[in-house]
>>> print(open('model_21.txt').read())   # compact mmCIF, C-alpha atoms
# COMPACT_ATOMS: atom_id res chain seq x y z
CA MET L 240 -24.47 102.57 72.97
CA LEU L 241 -21.83 103.17 75.58
CA PHE L 242 -18.90 100.76 75.84
CA ARG L 243 -17.02 101.17 79.12
CA VAL L 244 -14.23 98.71 79.81
CA ASP L 245 -11.69 98.30 82.57
CA PRO L 246 -8.41 96.79 81.37
CA GLY L 247 -7.37 96.41 85.03
CA SER L 248 -10.25 94.07 85.85
CA SER L 249 -9.83 90.31 86.14
CA VAL L 250 -12.67 89.82 83.64
CA PRO L 251 -11.21 89.51 80.11
CA LEU L 252 -11.91 92.58 77.94
CA GLY L 253 -13.75 90.52 75.33
CA ASP L 254 -16.13 89.26 78.00
CA GLN L 255 -16.60 92.79 79.30
CA ILE L 256 -17.63 93.94 75.82
CA ALA L 257 -20.00 90.97 75.43
CA ALA L 258 -21.52 91.72 78.83
CA LEU L 259 -22.05 95.39 77.89
CA VAL L 260 -23.93 94.52 74.70
CA ARG L 261 -25.94 91.83 76.50
CA GLY L 262 -26.82 94.33 79.21
CA ALA L 263 -27.85 96.96 76.66
CA ILE L 264 -30.13 94.47 74.89
CA ALA L 265 -31.51 93.29 78.24
CA ASP L 266 -32.43 96.80 79.41
CA GLY L 267 -33.91 97.70 76.04
CA SER L 268 -31.46 100.46 75.13
CA VAL L 269 -30.31 98.51 72.08
CA HIS L 270 -32.95 97.00 69.80
CA ALA L 271 -33.08 94.27 67.19
CA GLY L 272 -31.70 95.45 63.86
CA GLU L 273 -29.37 98.02 65.39
CA ARG L 274 -25.86 98.12 64.00
CA LEU L 275 -23.02 97.96 66.46
CA PRO L 276 -19.72 99.53 65.48
CA ALA L 277 -17.43 97.31 63.42
CA ALA L 278 -14.86 95.43 65.51
CA ARG L 279 -11.96 97.48 64.11
CA GLU L 280 -13.79 100.68 64.80
CA LEU L 281 -14.64 99.75 68.38
CA ALA L 282 -11.10 98.52 68.99
CA ALA L 283 -9.71 101.86 67.80
CA SER L 284 -12.21 103.73 69.97
CA LEU L 285 -11.32 101.85 73.13
CA GLY L 286 -7.64 101.48 72.37
CA VAL L 287 -7.74 97.70 72.60
CA ASN L 288 -6.73 94.91 70.25
CA VAL L 289 -9.17 94.14 67.46
CA HIS L 290 -9.04 90.42 68.33
CA THR L 291 -10.22 91.25 71.83
CA VAL L 292 -13.35 92.90 70.42
CA LEU L 293 -13.85 90.06 67.94
CA ARG L 294 -13.71 87.54 70.81
CA GLY L 295 -16.50 89.45 72.55
CA TYR L 296 -18.55 89.71 69.34
CA GLN L 297 -18.02 86.00 68.66
CA ARG L 298 -19.52 85.12 72.05
CA LEU L 299 -22.55 87.29 71.33
CA LYS L 300 -22.90 85.59 67.96
CA GLU L 301 -22.84 82.16 69.58
CA GLU L 302 -25.52 83.31 72.01
CA GLY L 303 -27.64 84.29 68.99
CA LEU L 304 -27.73 87.95 69.97
CA ILE L 305 -25.81 89.41 67.05
CA GLU L 306 -24.99 88.56 63.49
CA LEU L 307 -21.54 89.28 62.11
CA ARG L 308 -21.38 90.47 58.54
CA ARG L 309 -18.15 90.81 56.75
CA GLY L 310 -17.26 94.45 56.29
CA ARG L 311 -20.63 95.59 57.61
CA GLY L 312 -19.98 95.12 61.30
CA ALA L 313 -22.30 93.56 63.81
CA VAL L 314 -26.08 93.70 63.70
CA VAL L 315 -28.36 92.83 66.60
CA THR L 316 -30.49 89.88 65.42
CA GLY L 317 -34.24 89.79 65.32
CA ALA L 318 -34.17 86.97 67.88
CA ALA L 319 -32.28 89.11 70.39
CA SER L 320 -35.01 90.05 72.85
CA PRO L 321 -34.33 91.55 76.27
CA ALA L 322 -35.41 88.24 77.84
CA ARG L 323 -32.96 86.31 75.68
CA ALA L 324 -30.16 88.64 76.72
CA ARG L 325 -31.11 88.27 80.38
CA LEU L 326 -30.85 84.50 79.96
CA GLY L 327 -27.24 85.00 78.89
CA GLU L 328 -26.66 87.12 81.97
CA THR L 329 -28.15 84.41 84.18
CA ALA L 330 -25.80 81.86 82.62
CA GLU L 331 -22.88 84.20 83.32
CA ARG L 332 -23.91 84.38 86.98
CA LEU L 333 -24.25 80.60 87.21
CA ILE L 334 -20.76 80.16 85.80
CA ALA L 335 -19.25 82.81 88.08
CA GLU L 336 -20.86 81.25 91.17
CA ALA L 337 -19.74 77.73 90.22
CA ARG L 338 -16.18 78.93 89.60
CA ASN L 339 -16.20 80.61 93.02
CA LEU L 340 -17.05 77.22 94.49
CA GLY L 341 -14.07 75.76 92.66
CA LEU L 342 -16.10 73.67 90.19
CA SER L 343 -14.46 72.61 86.93
CA ASP L 344 -16.07 73.29 83.55
CA GLU L 345 -17.20 69.63 83.32
CA GLU L 346 -18.84 69.85 86.70
CA ILE L 347 -20.70 73.06 85.73
CA VAL L 348 -22.07 71.38 82.61
CA THR L 349 -23.07 68.38 84.72
CA VAL L 350 -25.01 70.65 87.06
CA VAL L 351 -27.03 72.01 84.13
CA ARG L 352 -27.49 68.56 82.58
CA VAL L 353 -28.76 67.09 85.85
CA GLY L 354 -31.18 70.00 86.13
CA LEU L 355 -32.45 69.37 82.58
CA ALA L 356 -32.76 65.59 83.16
CA GLY L 357 -34.94 66.25 86.18
CA ARG L 358 -37.68 67.73 83.97
CA MET V 286 -34.98 120.56 83.51
CA LYS V 287 -35.34 119.17 80.04
CA SER V 288 -38.14 121.57 79.12
CA ALA V 289 -35.98 124.51 80.14
CA LEU V 290 -33.39 123.36 77.64
CA ARG V 291 -35.92 123.22 74.84
CA SER V 292 -35.22 126.15 72.59
CA ALA V 293 -37.99 128.61 71.85
CA PRO V 294 -37.54 130.01 68.36
CA PRO V 295 -37.96 133.80 68.29
CA SER V 296 -41.64 134.56 67.81
CA ILE V 297 -42.80 136.53 64.84
CA GLY V 298 -46.36 137.27 65.83
CA PRO V 299 -49.51 137.74 63.79
CA LEU V 300 -48.68 141.41 63.10
CA ARG V 301 -45.69 140.44 60.96
CA THR V 302 -47.78 138.01 58.97
CA TRP V 303 -50.22 140.83 58.18
CA ILE V 304 -47.38 143.17 57.29
CA ALA V 305 -46.00 140.48 54.97
CA ALA V 306 -49.41 139.91 53.31
CA LEU V 307 -50.10 143.65 52.83
CA PRO V 308 -48.15 144.29 49.58
CA PHE V 309 -49.83 141.41 47.74
CA VAL V 310 -53.29 142.62 48.73
CA ALA V 311 -52.37 146.22 47.83
CA VAL V 312 -50.97 145.20 44.43
CA ILE V 313 -54.07 143.16 43.54
CA ALA V 314 -56.23 146.17 44.49
CA ALA V 315 -54.04 148.51 42.41
CA LEU V 316 -54.21 146.17 39.42
CA ALA V 317 -58.02 146.05 39.73
CA ALA V 318 -58.16 149.87 39.89
CA VAL V 319 -55.94 150.29 36.81
CA TYR V 320 -57.97 147.72 34.89
CA THR V 321 -61.26 149.48 35.67
CA SER V 322 -59.84 152.78 34.50
CA VAL V 323 -58.64 151.41 31.12
CA SER V 324 -60.97 148.46 30.53
CA GLY V 325 -62.92 150.21 27.73
CA ARG V 326 -59.78 151.24 25.84
CA LEU V 327 -57.87 147.93 25.58
CA PRO V 328 -57.15 146.03 22.34
CA GLU V 329 -57.93 142.33 22.07
CA PRO V 330 -55.57 140.51 22.39
CA LEU V 331 -53.20 142.43 24.65
CA ALA V 332 -49.47 142.73 24.08
CA THR V 333 -48.04 141.02 27.15
CA HIS V 334 -44.46 140.19 26.30
CA PHE V 335 -41.76 142.42 24.84
CA GLU V 336 -38.37 142.08 23.23
CA ALA V 337 -35.29 143.85 24.49
CA ASP V 338 -35.87 146.72 22.08
CA GLY V 339 -39.40 147.23 23.45
CA GLN V 340 -41.26 145.60 20.55
CA ALA V 341 -44.19 143.38 21.50
CA ASN V 342 -43.63 139.67 20.77
CA GLY V 343 -46.17 137.94 23.01
CA PHE V 344 -49.96 138.37 23.12
CA SER V 345 -52.80 137.05 25.25
CA SER V 346 -56.44 137.76 25.87
CA THR V 347 -57.31 140.37 28.53
CA HIS V 348 -59.09 137.72 30.53
CA GLY V 349 -56.12 135.32 30.33
CA PHE V 350 -53.65 138.06 31.23
CA LEU V 351 -55.60 139.17 34.31
CA THR V 352 -56.12 135.59 35.50
CA GLY V 353 -52.42 134.85 35.03
CA CYS V 354 -51.45 137.98 37.03
CA LEU V 355 -53.85 137.14 39.83
CA VAL V 356 -52.73 133.50 40.08
CA LEU V 357 -49.04 134.49 40.06
CA LEU V 358 -49.53 137.11 42.80
CA LEU V 359 -51.60 134.74 44.94
CA VAL V 360 -49.14 131.85 44.55
CA VAL V 361 -46.07 133.98 45.28
CA GLY V 362 -47.86 135.73 48.17
CA THR V 363 -48.93 132.40 49.67
CA GLY V 364 -45.37 131.13 49.28
CA PHE V 365 -43.95 134.06 51.22
CA GLY V 366 -46.71 133.73 53.82
CA LEU V 367 -45.94 130.04 54.33
CA LEU V 368 -42.21 130.68 54.65
CA ILE V 369 -42.86 133.33 57.29
CA GLN V 370 -45.34 131.11 59.10
CA LEU V 371 -42.79 128.29 59.14
CA ARG V 372 -40.22 130.80 60.35
CA VAL V 373 -37.57 129.74 57.87
CA PRO V 374 -35.09 130.85 59.06
CA ALA V 375 -36.38 132.66 62.11
CA THR V 376 -33.71 135.32 62.15
CA GLY V 377 -34.10 136.11 58.45
CA ALA V 378 -37.82 136.91 58.60
CA HIS V 379 -37.32 140.66 58.14
CA TRP V 380 -35.41 140.09 54.89
CA LEU V 381 -38.08 137.65 53.77
CA ILE V 382 -40.71 140.38 54.30
CA ALA V 383 -38.57 142.89 52.39
CA GLY V 384 -38.24 140.35 49.55
CA GLY V 385 -42.02 139.91 49.52
CA TYR V 386 -42.52 143.68 49.20
CA ALA V 387 -40.02 143.94 46.37
CA THR V 388 -41.50 140.96 44.51
CA ALA V 389 -45.11 142.11 44.92
CA ALA V 390 -44.34 145.70 43.90
CA GLY V 391 -42.13 144.66 40.97
CA PHE V 392 -44.69 142.24 39.52
CA GLY V 393 -47.63 144.51 40.29
CA PHE V 394 -46.05 147.60 38.75
CA ALA V 395 -45.02 145.65 35.64
CA PHE V 396 -48.58 144.30 35.23
CA CYS V 397 -50.10 147.79 35.65
CA LEU V 398 -47.64 149.26 33.13
CA THR V 399 -48.53 146.53 30.64
CA LEU V 400 -52.21 147.44 30.91
CA LEU V 401 -51.47 151.19 30.63
CA ASP V 402 -49.17 150.67 27.60
CA ASN V 403 -51.97 148.74 25.87
CA ALA V 404 -54.56 151.46 26.55
CA ASP V 405 -55.86 153.44 23.54
CA VAL V 406 -54.05 151.15 21.04
CA THR V 407 -56.10 149.42 18.35
CA ASP V 408 -53.46 146.96 17.17
CA ALA V 409 -51.56 145.21 19.95
CA SER V 410 -48.46 144.65 17.78
CA ALA V 411 -47.93 148.44 17.82
CA VAL V 412 -47.58 148.48 21.64
CA ARG V 413 -44.11 149.53 22.81
CA LEU V 414 -42.45 149.04 26.18
CA PRO V 415 -39.95 151.89 26.65
CA LEU V 416 -36.71 150.94 28.38
CA TRP V 417 -37.24 153.49 31.12
CA GLN V 418 -40.26 151.48 32.25
CA VAL V 419 -38.05 148.44 32.89
CA ALA V 420 -35.78 150.64 35.01
CA ALA V 421 -38.85 152.06 36.75
CA VAL V 422 -40.04 148.55 37.65
CA LEU V 423 -36.65 147.77 39.20
CA ALA V 424 -36.64 151.07 41.10
CA VAL V 425 -40.18 150.51 42.41
CA ALA V 426 -39.20 147.00 43.52
CA LEU V 427 -36.15 148.35 45.36
CA VAL V 428 -38.10 151.13 47.08
CA ALA V 429 -40.85 148.68 48.08
CA GLY V 430 -38.23 146.28 49.40
CA ALA V 431 -36.71 149.03 51.53
CA LEU V 432 -40.17 149.97 52.80
CA GLY V 433 -40.85 146.31 53.68
CA ARG V 434 -37.56 146.10 55.51
CA LEU V 435 -38.52 149.19 57.56
CA LEU V 436 -42.03 147.90 58.32
CA ALA V 437 -40.71 144.48 59.35
CA GLY V 438 -39.07 146.09 62.36
CA PRO V 439 -35.73 145.39 63.93
CA ALA V 440 -33.87 142.23 63.06
CA LEU V 441 -34.44 139.42 65.50
CA ARG V 442 -31.25 138.67 67.31
CA PRO V 443 -30.31 135.04 66.83
CA GLN V 444 -31.09 133.63 70.23
CA HIS V 445 -28.62 131.00 71.18
CA PRO V 446 -30.62 128.65 73.34
CA ALA V 447 -29.34 127.81 76.78
CA PHE V 448 -26.35 125.54 76.44
CA GLY V 449 -27.77 122.81 78.65
CA GLU V 450 -26.23 120.76 81.37
CA ALA V 451 -22.68 119.54 81.02
CA PRO V 452 -22.64 116.36 83.08
CA ARG V 453 -19.61 114.13 83.49
CA LEU V 454 -19.62 110.41 82.94
CA ASP V 455 -18.03 108.45 85.75
CA LEU V 456 -14.79 107.27 84.17
CA PRO V 457 -12.17 106.28 86.75
CA ALA V 458 -8.53 106.56 85.68
CA GLY V 459 -7.45 103.47 83.78
CA MET V 460 -10.92 102.78 82.42
CA SER V 461 -11.63 103.33 78.80
CA ALA V 462 -14.94 104.07 77.12
CA GLY V 463 -16.41 104.66 73.71
CA TRP V 464 -19.89 105.69 72.62
CA SER V 465 -21.24 104.99 69.20
CA ARG V 466 -24.62 105.33 67.54
CA THR V 467 -26.06 105.53 64.07
CA ILE V 468 -28.65 107.98 62.86
CA SER V 469 -30.25 108.17 59.47
CA SER V 470 -32.78 110.37 57.78
CA PRO V 471 -35.19 108.49 55.50
CA PRO V 472 -36.28 111.69 53.66
CA LEU V 473 -32.66 112.51 52.86
CA VAL V 474 -32.02 108.93 51.69
CA ALA V 475 -35.04 109.25 49.41
CA LEU V 476 -33.84 112.63 48.11
CA GLY V 477 -30.39 111.21 47.38
CA VAL V 478 -31.83 108.22 45.55
CA VAL V 479 -34.10 110.50 43.48
CA LEU V 480 -31.11 112.70 42.58
CA LEU V 481 -29.04 109.67 41.60
CA GLY V 482 -31.91 108.28 39.53
CA ALA V 483 -32.44 111.64 37.82
CA GLY V 484 -28.69 111.82 37.17
CA LEU V 485 -28.74 108.40 35.51
CA VAL V 486 -31.75 109.27 33.37
CA VAL V 487 -30.24 112.61 32.31
CA GLY V 488 -26.92 110.88 31.64
CA ILE V 489 -28.46 108.24 29.41
CA LEU V 490 -30.91 110.52 27.59
CA ILE V 491 -28.99 113.80 27.38
CA ASP V 492 -25.32 113.73 28.30
CA TRP V 493 -23.14 112.64 31.17
CA LEU V 494 -21.56 116.06 31.72
CA THR V 495 -24.95 117.57 32.60
CA SER V 496 -25.82 114.63 34.81
CA ALA V 497 -22.52 114.79 36.73
CA SER V 498 -23.77 117.46 39.14
CA LEU V 499 -26.92 115.44 39.86
CA LEU V 500 -24.90 112.27 40.42
CA VAL V 501 -22.36 113.98 42.68
CA GLY V 502 -25.12 115.78 44.60
CA GLY V 503 -27.06 112.55 45.02
CA ALA V 504 -23.97 110.68 46.23
CA VAL V 505 -23.20 113.40 48.79
CA VAL V 506 -26.80 113.46 50.05
CA VAL V 507 -26.89 109.66 50.37
CA ALA V 508 -23.52 109.63 52.20
CA VAL V 509 -24.68 112.29 54.68
CA SER V 510 -28.14 110.79 55.21
CA SER V 511 -26.95 107.86 57.31
CA VAL V 512 -24.05 108.36 59.70
CA ARG V 513 -22.37 106.85 62.72
CA VAL V 514 -21.49 109.27 65.48
CA THR V 515 -18.60 108.15 67.67
CA VAL V 516 -17.33 109.71 70.88
CA ASP V 517 -14.17 108.31 72.41
CA ARG V 518 -10.71 109.15 73.74
CA ARG V 519 -9.92 110.89 70.44
CA GLY V 520 -12.94 113.19 70.38
CA LEU V 521 -16.10 113.21 68.33
CA SER V 522 -16.28 111.94 64.81
CA ILE V 523 -18.96 111.49 62.21
CA ALA V 524 -18.63 108.95 59.42
CA SER V 525 -21.01 107.70 56.79
CA THR V 526 -22.30 104.21 57.53
CA LEU V 527 -22.03 103.43 53.82
CA LEU V 528 -18.33 104.17 53.55
CA PRO V 529 -15.38 102.55 55.35
CA TYR V 530 -15.26 103.93 58.90
CA ARG V 531 -11.82 105.43 58.34
CA ILE V 532 -13.34 108.03 55.99
CA ARG V 533 -14.73 110.51 58.46
CA PHE V 534 -16.30 113.65 57.20
CA ARG V 535 -16.04 115.48 60.48
CA HIS V 536 -13.68 114.93 63.37
CA ILE V 537 -13.41 117.19 66.38
CA PRO V 538 -10.42 116.36 68.55
CA LEU V 539 -10.75 116.60 72.34
CA ASP V 540 -8.53 119.66 72.63
CA ARG V 541 -10.98 121.67 70.55
CA VAL V 542 -13.92 120.89 72.83
CA ALA V 543 -14.51 123.46 75.57
CA GLU V 544 -17.66 121.79 76.78
CA ALA V 545 -20.27 119.31 75.60
CA GLY V 546 -23.97 119.28 76.34
CA SER V 547 -27.21 117.97 74.94
CA ARG V 548 -30.49 119.65 74.17
CA GLN V 549 -33.49 119.63 71.88
CA ILE V 550 -32.66 121.01 68.45
CA ALA V 551 -35.28 122.46 66.09
CA ALA V 552 -33.99 121.78 62.56
CA LEU V 553 -36.15 124.26 60.68
CA ALA V 554 -36.26 127.13 63.17
CA GLU V 555 -32.60 126.99 64.24
CA PHE V 556 -30.86 125.76 61.11
CA GLY V 557 -33.39 126.44 58.37
CA GLY V 558 -33.45 122.85 57.21
CA TRP V 559 -31.83 119.45 57.32
CA GLY V 560 -28.40 118.15 56.40
CA TYR V 561 -25.02 119.67 57.05
CA ARG V 562 -25.93 123.20 58.15
CA VAL V 563 -23.74 126.22 58.65
CA ARG V 564 -25.06 129.27 60.47
CA ALA V 565 -23.43 132.30 62.07
CA GLY V 566 -21.42 131.02 65.02
CA ARG V 567 -22.50 127.43 64.63
CA SER V 568 -22.68 124.50 62.33
CA GLY V 569 -23.56 120.86 62.47
CA LEU V 570 -25.22 117.82 61.03
CA VAL V 571 -28.97 118.08 61.58
CA LEU V 572 -30.77 115.01 60.28
CA ARG V 573 -33.95 115.56 62.30
CA SER V 574 -35.40 117.76 65.03
CA GLY V 575 -34.97 116.58 68.59
CA GLU V 576 -32.22 115.41 70.86
CA GLY V 577 -28.68 116.33 69.87
CA ILE V 578 -25.12 116.74 71.09
CA VAL V 579 -23.99 120.36 71.32
CA LEU V 580 -20.28 121.15 71.52
CA ARG V 581 -18.93 124.49 72.55
CA LEU V 582 -15.58 124.65 70.80
CA THR V 583 -12.51 126.43 72.08
CA ASN V 584 -12.78 128.96 69.23
CA GLY V 585 -16.19 130.01 70.56
CA ARG V 586 -18.24 128.32 67.85
CA GLU V 587 -20.89 125.71 68.41
CA PHE V 588 -21.10 122.35 66.71
CA VAL V 589 -24.22 120.22 66.89
CA VAL V 590 -25.18 116.76 65.74
CA THR V 591 -28.66 115.38 66.25
CA VAL V 592 -28.57 111.84 67.63
CA ASP V 593 -30.38 109.76 70.25
CA ASP V 594 -28.88 109.27 73.70
CA ALA V 595 -26.97 112.54 73.24
CA ALA V 596 -26.66 113.13 76.99
CA THR V 597 -24.49 110.02 77.44
CA ALA V 598 -22.26 111.04 74.55
CA ALA V 599 -21.86 114.57 75.94
CA ALA V 600 -21.07 113.25 79.41
CA LEU V 601 -18.38 110.95 78.01
CA LEU V 602 -16.89 113.73 75.93
CA ASN V 603 -16.72 115.98 79.00
CA ALA V 604 -15.06 113.23 81.03
CA TYR V 605 -12.40 112.74 78.36
CA ALA V 606 -11.93 116.48 77.86
CA ASP V 607 -11.38 116.87 81.63
CA ARG V 608 -8.88 114.03 81.54
CA ALA V 609 -7.00 115.61 78.63
CA ARG V 610 -6.93 119.00 80.37
CA SER V 611 -5.68 117.61 83.69
CA ARG V 612 -2.96 115.76 81.80
CA GLN V 613 -1.91 118.98 80.09
CA GLY V 614 -2.07 120.95 83.33
CA GLY V 615 -0.12 118.35 85.30
>>> encode(input="model_21.txt", output="structure tokens")
Amino acid sequence: MLFRVDPGSSVPLGDQIAALVRGAIADGSVHAGERLPAARELAASLGVNVHTVLRGYQRLKEEGLIELRRGRGAVVTGAASPARARLGETAERLIAEARNLGLSDEEIVTVVRVGLAGR
Amino acid sequence: MKSALRSAPPSIGPLRTWIAALPFVAVIAALAAVYTSVSGRLPEPLATHFEADGQANGFSSTHGFLTGCLVLLLVVGTGFGLLIQLRVPATGAHWLIAGGYATAAGFGFAFCLTLLDNADVTDASAVRLPLWQVAAVLAVALVAGALGRLLAGPALRPQHPAFGEAPRLDLPAGMSAGWSRTISSPPLVALGVVLLGAGLVVGILIDWLTSASLLVGGAVVVAVSSVRVTVDRRGLSIASTLLPYRIRFRHIPLDRVAEAGSRQIAALAEFGGWGYRVRAGRSGLVLRSGEGIVLRLTNGREFVVTVDDAATAAALLNAYADRARSRQGG
């Protein structure tokens, strides 16, 4: 897959990388079971710090989209469907919109919790 | 546009297949004719194998000998026919035909001579094969090979397929990009595992020195059978997915890339097989037929690697090569 990052952007590089992988899973160009380049490898490719890439991979792991294996890089999990990845994208949009409105992290969580309680 | 990029291997045509089949048919006919002319005068069994000094040391029944000859000619003839049908490799077909002529004539002449040497002999152990006949077989094979080469017609020029589009990926200054993808070939993995297994068995049962070549070969095949192709600001590199990524077995820096493109690659017709292939003017890692990255290098050679999403990789490589050139120019 293609990783294209903009170090000049206000979005942290790690988040950019996470968004790229999420997008690739969402549009079906990356499938479950596919191996992403190891963090060191990707960092060397893009000329960024390895911790930056690891931060991005860690986010994807927490979203359940990838699995990190020591020394074997990152593998897209079986649970990572395009719909699941799109859910992550929707959450990103929600957060971005709330931040634009000046909401704090607590307030954003409250918004989601209130929505869930309404069901 | 994509179909225009698809390479058409040079066609061989049905005529060539007939030309290739001709010597085997002719030799079987000649053998039948010789047998009919001597059939009443043959000993039983026949002397069919000879020592270096011409003395007979192998015998078989006439029936067995003729069946063996026929089966051998048919099997070898079918083998050549299949290779030509599969066009492996397309540009070498005329030499393949010449080889078929030489093989057919050599075997056929040797079989006929064996029958003639046996004629009018009562005891097969008295049959002699004079040395000049061995030389004659070689000479006949050479002449037949030359004839085949003439009949096969002019050599097919290796047709380098159209290079394909060379698009540029949008990569504004300051942005950085990398493309990475794995490709593996299950048949090659299987072959490597079989070689390794055979190496172990030979090592345990016979000796480890003999098995070393099998083990090394198997390890190389396994390493090549699954690779990660990376395109980034440093160029294109290919590394085995089974080894640490720092161990790359091919790296092409940006300044060696004149242009990158992508097209459909036919493994058998263009490269005569799978794996790391080297051909006149081009080389590359061909793990399957289909989409692949094609690099035109600054030394005029072509390097290919078959991989999915090759167009994106080529576009990125072009964008980086442009960037490197403008930096050098400015």
>>> interface_residues(input="model_21.txt", of="chain V", to="chain L", cutoff="7 Å", atoms="all atoms listed in the file", output="ChimeraX atom specification")
/V:459-466,517-518,530
>>> residues_around(input="model_21.txt", residues="region 352-364 of chain V", least_positions_apart="6", cutoff="12 Å", atoms="all atoms listed in the file", output="PyMOL selection string")
chain V and resi 302-317+320+333+345-346+370-371+373+381-382+384-397+399-400
>>> atom_distance(input="model_21.txt", atom1="CA of Arg513 (chain V)", atom2="CA of Ser498 (chain V)")
25.9 Å
>>> residues_around(input="model_21.txt", residues="Ala271 (chain L)", least_positions_apart="5", cutoff="9 Å", atoms="only C-alpha atoms", output="PDB file with C-alpha atoms, keeping the file's coordinate frame")
ATOM      1  CA  ILE L 264     -30.130  94.470  74.890  1.00  0.00           C
ATOM      2  CA  LEU L 304     -27.730  87.950  69.970  1.00  0.00           C
ATOM      3  CA  ILE L 305     -25.810  89.410  67.050  1.00  0.00           C
ATOM      4  CA  VAL L 314     -26.080  93.700  63.700  1.00  0.00           C
ATOM      5  CA  VAL L 315     -28.360  92.830  66.600  1.00  0.00           C
ATOM      6  CA  THR L 316     -30.490  89.880  65.420  1.00  0.00           C
ATOM      7  CA  GLY L 317     -34.240  89.790  65.320  1.00  0.00           C
ATOM      8  CA  ALA L 318     -34.170  86.970  67.880  1.00  0.00           C
ATOM      9  CA  ALA L 319     -32.280  89.110  70.390  1.00  0.00           C
ATOM     10  CA  SER L 320     -35.010  90.050  72.850  1.00  0.00           C
TER      11      SER L 320
END
>>> atom_distance(input="model_21.txt", atom1="CA of Gly267 (chain L)", atom2="CA of Arg298 (chain L)")
19.5 Å
>>> residues_around(input="model_21.txt", residues="Ala609 (chain V)", least_positions_apart="5", cutoff="12 Å", atoms="all atoms listed in the file", output="PDB file with C-alpha atoms, keeping the file's coordinate frame")
ATOM      1  CA  ALA V 458      -8.530 106.560  85.680  1.00  0.00           C
ATOM      2  CA  ASP V 517     -14.170 108.310  72.410  1.00  0.00           C
ATOM      3  CA  ARG V 518     -10.710 109.150  73.740  1.00  0.00           C
ATOM      4  CA  ARG V 519      -9.920 110.890  70.440  1.00  0.00           C
ATOM      5  CA  GLY V 520     -12.940 113.190  70.380  1.00  0.00           C
ATOM      6  CA  PRO V 538     -10.420 116.360  68.550  1.00  0.00           C
ATOM      7  CA  LEU V 539     -10.750 116.600  72.340  1.00  0.00           C
ATOM      8  CA  ASP V 540      -8.530 119.660  72.630  1.00  0.00           C
ATOM      9  CA  ARG V 541     -10.980 121.670  70.550  1.00  0.00           C
ATOM     10  CA  VAL V 542     -13.920 120.890  72.830  1.00  0.00           C
ATOM     11  CA  ALA V 543     -14.510 123.460  75.570  1.00  0.00           C
ATOM     12  CA  LEU V 602     -16.890 113.730  75.930  1.00  0.00           C
ATOM     13  CA  ASN V 603     -16.720 115.980  79.000  1.00  0.00           C
ATOM     14  CA  ALA V 604     -15.060 113.230  81.030  1.00  0.00           C
ATOM     15  CA  GLY V 614      -2.070 120.950  83.330  1.00  0.00           C
ATOM     16  CA  GLY V 615      -0.120 118.350  85.300  1.00  0.00           C
TER      17      GLY V 615
END
>>> residues_near_point(input="model_21.txt", point="(-25.1, 87.1, 84.5)", cutoff="12 Å", atoms="all atoms listed in the file", output="number ranges by chain")
L: 254-255, 257-259, 261-262, 265, 323-336
>>> write_last_selection(input="model_21.txt", atoms="C-alpha atoms", output="PDB file, keeping the file's coordinate frame")
ATOM      1  CA  ASP L 254     -16.130  89.260  78.000  1.00  0.00           C
ATOM      2  CA  GLN L 255     -16.600  92.790  79.300  1.00  0.00           C
ATOM      3  CA  ALA L 257     -20.000  90.970  75.430  1.00  0.00           C
ATOM      4  CA  ALA L 258     -21.520  91.720  78.830  1.00  0.00           C
ATOM      5  CA  LEU L 259     -22.050  95.390  77.890  1.00  0.00           C
ATOM      6  CA  ARG L 261     -25.940  91.830  76.500  1.00  0.00           C
ATOM      7  CA  GLY L 262     -26.820  94.330  79.210  1.00  0.00           C
ATOM      8  CA  ALA L 265     -31.510  93.290  78.240  1.00  0.00           C
ATOM      9  CA  ARG L 323     -32.960  86.310  75.680  1.00  0.00           C
ATOM     10  CA  ALA L 324     -30.160  88.640  76.720  1.00  0.00           C
ATOM     11  CA  ARG L 325     -31.110  88.270  80.380  1.00  0.00           C
ATOM     12  CA  LEU L 326     -30.850  84.500  79.960  1.00  0.00           C
ATOM     13  CA  GLY L 327     -27.240  85.000  78.890  1.00  0.00           C
ATOM     14  CA  GLU L 328     -26.660  87.120  81.970  1.00  0.00           C
ATOM     15  CA  THR L 329     -28.150  84.410  84.180  1.00  0.00           C
ATOM     16  CA  ALA L 330     -25.800  81.860  82.620  1.00  0.00           C
ATOM     17  CA  GLU L 331     -22.880  84.200  83.320  1.00  0.00           C
ATOM     18  CA  ARG L 332     -23.910  84.380  86.980  1.00  0.00           C
ATOM     19  CA  LEU L 333     -24.250  80.600  87.210  1.00  0.00           C
ATOM     20  CA  ILE L 334     -20.760  80.160  85.800  1.00  0.00           C
ATOM     21  CA  ALA L 335     -19.250  82.810  88.080  1.00  0.00           C
ATOM     22  CA  GLU L 336     -20.860  81.250  91.170  1.00  0.00           C
TER      23      GLU L 336
END
>>> atom_distance(input="model_21.txt", atom1="CA of Tyr605 (chain V)", atom2="CA of Pro452 (chain V)")
11.8 Å
